[in-house]
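Heads up: the structure comes next, in structure tokens.
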Amino acid sequence: MKVYGSRISYYTGKLEAYLRYKGIAYTSHPTPYGDAKLLKEKVGAVQMPLVEREDGRWMSDSTPMLLHFETEYPDRPILPADPVVSFVAHLIEDYADEWLWRPAMHYRWHYRYDRLLASNILVDEVMRHLKLPRWLKRQMIQNRQIKHFVRRDGVTDSSREHVEQGYFHALDNMTAMLKNRPFLLGNAPSLADFGLMGPMFRHFGEDPTPQELMRLHAPAVYEWVARMWHAQDQGSPKFLAEIPEDARPMLQEICETHLEQLTANAHAFAMEQDLFGMTVQGCNYQNITTSRYRVWCLEELRRRFAALSTTDQATVRTLLPYDQAAILWLDDMPAQSQFNSDNHLPFGKAINVFRDGTP
């Protein structure tokens with residue numbers, strides 16, 4: 001199969017780590033942005049990664065792709081057998097996908113060396129079809145990324161400190177879990193690990209500024225990144241039978257940040273607001289682009305919680321004794337995304353996380 005993406009892409013790195021672990025053969029190719037019409041026809045949105053199968057079918061959206069591949073390649077599963085542990089793996093993965101994206105994009109495009117490195121790479125990968133001076137293409141990329149994926153995700157002078165604090169919290173919480181196991185939920189990578197490879201590998205683990213912070217502040221996480229990239233054979237995966245105490249700080253962080261975000265976004269979507277604000281751990285975020293995709297993310301978490309037995313639901317409630325977690329089990333959902341109701345993903349049409357697409 002062909003994987004279209006970027007060698008510095010958040011979600012492409014997540015998918016590639018999974019394919020390597022499962023031993024699924026693929027070849028890497030830059031996303032053909034010059035043929036946007038074809039991409040929209042095949043997958044509905046110009047994003048990365050995209051997969052072109054040998055049978056001509058196209059796939060998109062990293063999480064549905066991983067879950068689909070699990071049905072085709074059941075050896076070395078990434079979903080824990082215990083329902084509660086599996087639910088927590090999904091929750092961690094969603095936090096990695098949709099909350100840590102914010103500090104990952106901030107570090108890449110706010111700091112000069114990071115910005116220069118990333119824009120130079122992307123000029124070669126996605127803008128070769130444009131006949132413009134290199135310096136101009138590099139500036140176009142920088143302006144676009146800062147406008148659409150930093151400022152419009154609420155990163156400003158007043159929120160920047162909290163955004164960076166979220167990165168350190170993630171490092172600390174992962175370090176606490178990795179003290180006791182080689183991977184977050186057992187002796188092999190789970191969905192939670194692959195979710196966190198998105199930000200920790202191609203952004204925090206490679207961009208100069210956050211990479212140095214990781215090496216100095218959280219060497220156990222730096223080591224885990226390499227272990228994940230080379231996690232080809234861990235024998236028989238053995239996942240935890242229950243969530244340990246060392247995971248509680250991460251779960252609290254997820255509730256106070258990511259679930260707060262999903263709730264505020266869903267209310268804004270229900271009110272048909274283009275932009276919204278929210279207060280997270282005392283920090284005020286303003287002018288965040290409302291996301292239909294993130295409404296769907298919340299729906300998926302609620303669906304997975306509803307599918308648990310009464311006993312397992314009670315266990316999850318005990319693990320998440322925070323006000324923000326109530327959105328997972330409240331009777332009324334603030335909004336409905338009306339997306340993927342036929343469960344077509346990862347095949348068929350996808351949607352952009354934000355109105356203007358992803359890089």
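Chain labels run A, B, ... following the order of the structure tokens; each chain numbers its residues from 1, and ligands are numbered from 1 in the order shown.
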
* What are the DSSP alpha helix (DSSP H) residues of segment 155-222 of chain A, as a ChimeraX atom specification? -> /A:160-178,191-202,208-217,219-222

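As for atom CA of Arg128 of chain A and atom CA of Tyr4 of chain A, they are spaced 15.1 Å apart.
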
* Which one is closest to Phe149 of chain A: A:Ala270, A:Leu66, A:Ala264, A:Ala104? Count only C-alpha atoms. ->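 Closest candidate: A:Ala104.
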
Give me the residues within 9 Å of Ala247 of chain A as a CSV table (one decimal) with N, CA and C atoms, in the first residue's frame, counting only C-alpha atoms and dropping any in the same chain fewer than 2 places off.
```
chain,number,residue,atom,x,y,z
A,173,ASN,N,3.4,13.1,33.2
A,173,ASN,CA,2.4,12.0,33.3
A,173,ASN,C,2.8,10.7,32.6
A,174,MET,N,3.4,10.9,31.4
A,174,MET,CA,3.9,9.7,30.8
A,174,MET,C,5.1,9.1,31.5
A,176,ALA,N,5.7,9.1,34.7
A,176,ALA,CA,5.2,8.4,35.9
A,176,ALA,C,4.7,7.0,35.5
A,177,MET,N,4.1,6.8,34.3
A,177,MET,CA,3.6,5.5,33.9
A,177,MET,C,4.7,4.7,33.3
A,184,LEU,N,2.7,2.3,28.0
A,184,LEU,CA,1.8,2.9,28.9
A,184,LEU,C,0.8,2.0,29.6
A,185,LEU,N,0.4,1.0,29.0
A,185,LEU,CA,-0.7,0.1,29.5
A,185,LEU,C,-0.3,-1.4,29.5
A,243,ILE,N,-6.7,-0.2,35.6
A,243,ILE,CA,-5.9,1.0,35.5
A,243,ILE,C,-5.2,1.3,36.8
A,244,PRO,N,-3.8,1.4,36.8
A,244,PRO,CA,-3.1,1.6,38.0
A,244,PRO,C,-3.1,3.1,38.5
A,245,GLU,N,-2.6,3.2,39.7
A,245,GLU,CA,-2.5,4.6,40.3
A,245,GLU,C,-1.7,5.5,39.5
A,249,PRO,N,-2.8,10.8,37.3
A,249,PRO,CA,-2.5,12.2,36.9
A,249,PRO,C,-2.8,12.5,35.5
A,250,MET,N,-2.5,11.5,34.6
A,250,MET,CA,-2.9,11.7,33.2
A,250,MET,C,-4.4,11.8,33.0
A,251,LEU,N,-5.1,11.0,33.7
A,251,LEU,CA,-6.6,11.0,33.5
A,251,LEU,C,-7.2,12.3,34.0
A,252,GLN,N,-6.6,12.8,35.1
A,252,GLN,CA,-7.1,14.1,35.6
A,252,GLN,C,-6.8,15.2,34.6
```

* To do: List the neighbours of segment 280-283 of chain A out to 12 Å using only C-alpha atoms; skip same-chain residues closer than 3 positions along the sequence, and give me the result as a PyMOL selection string.
  => chain A and resi 99+154-163+165-166+252-264+277+286+324
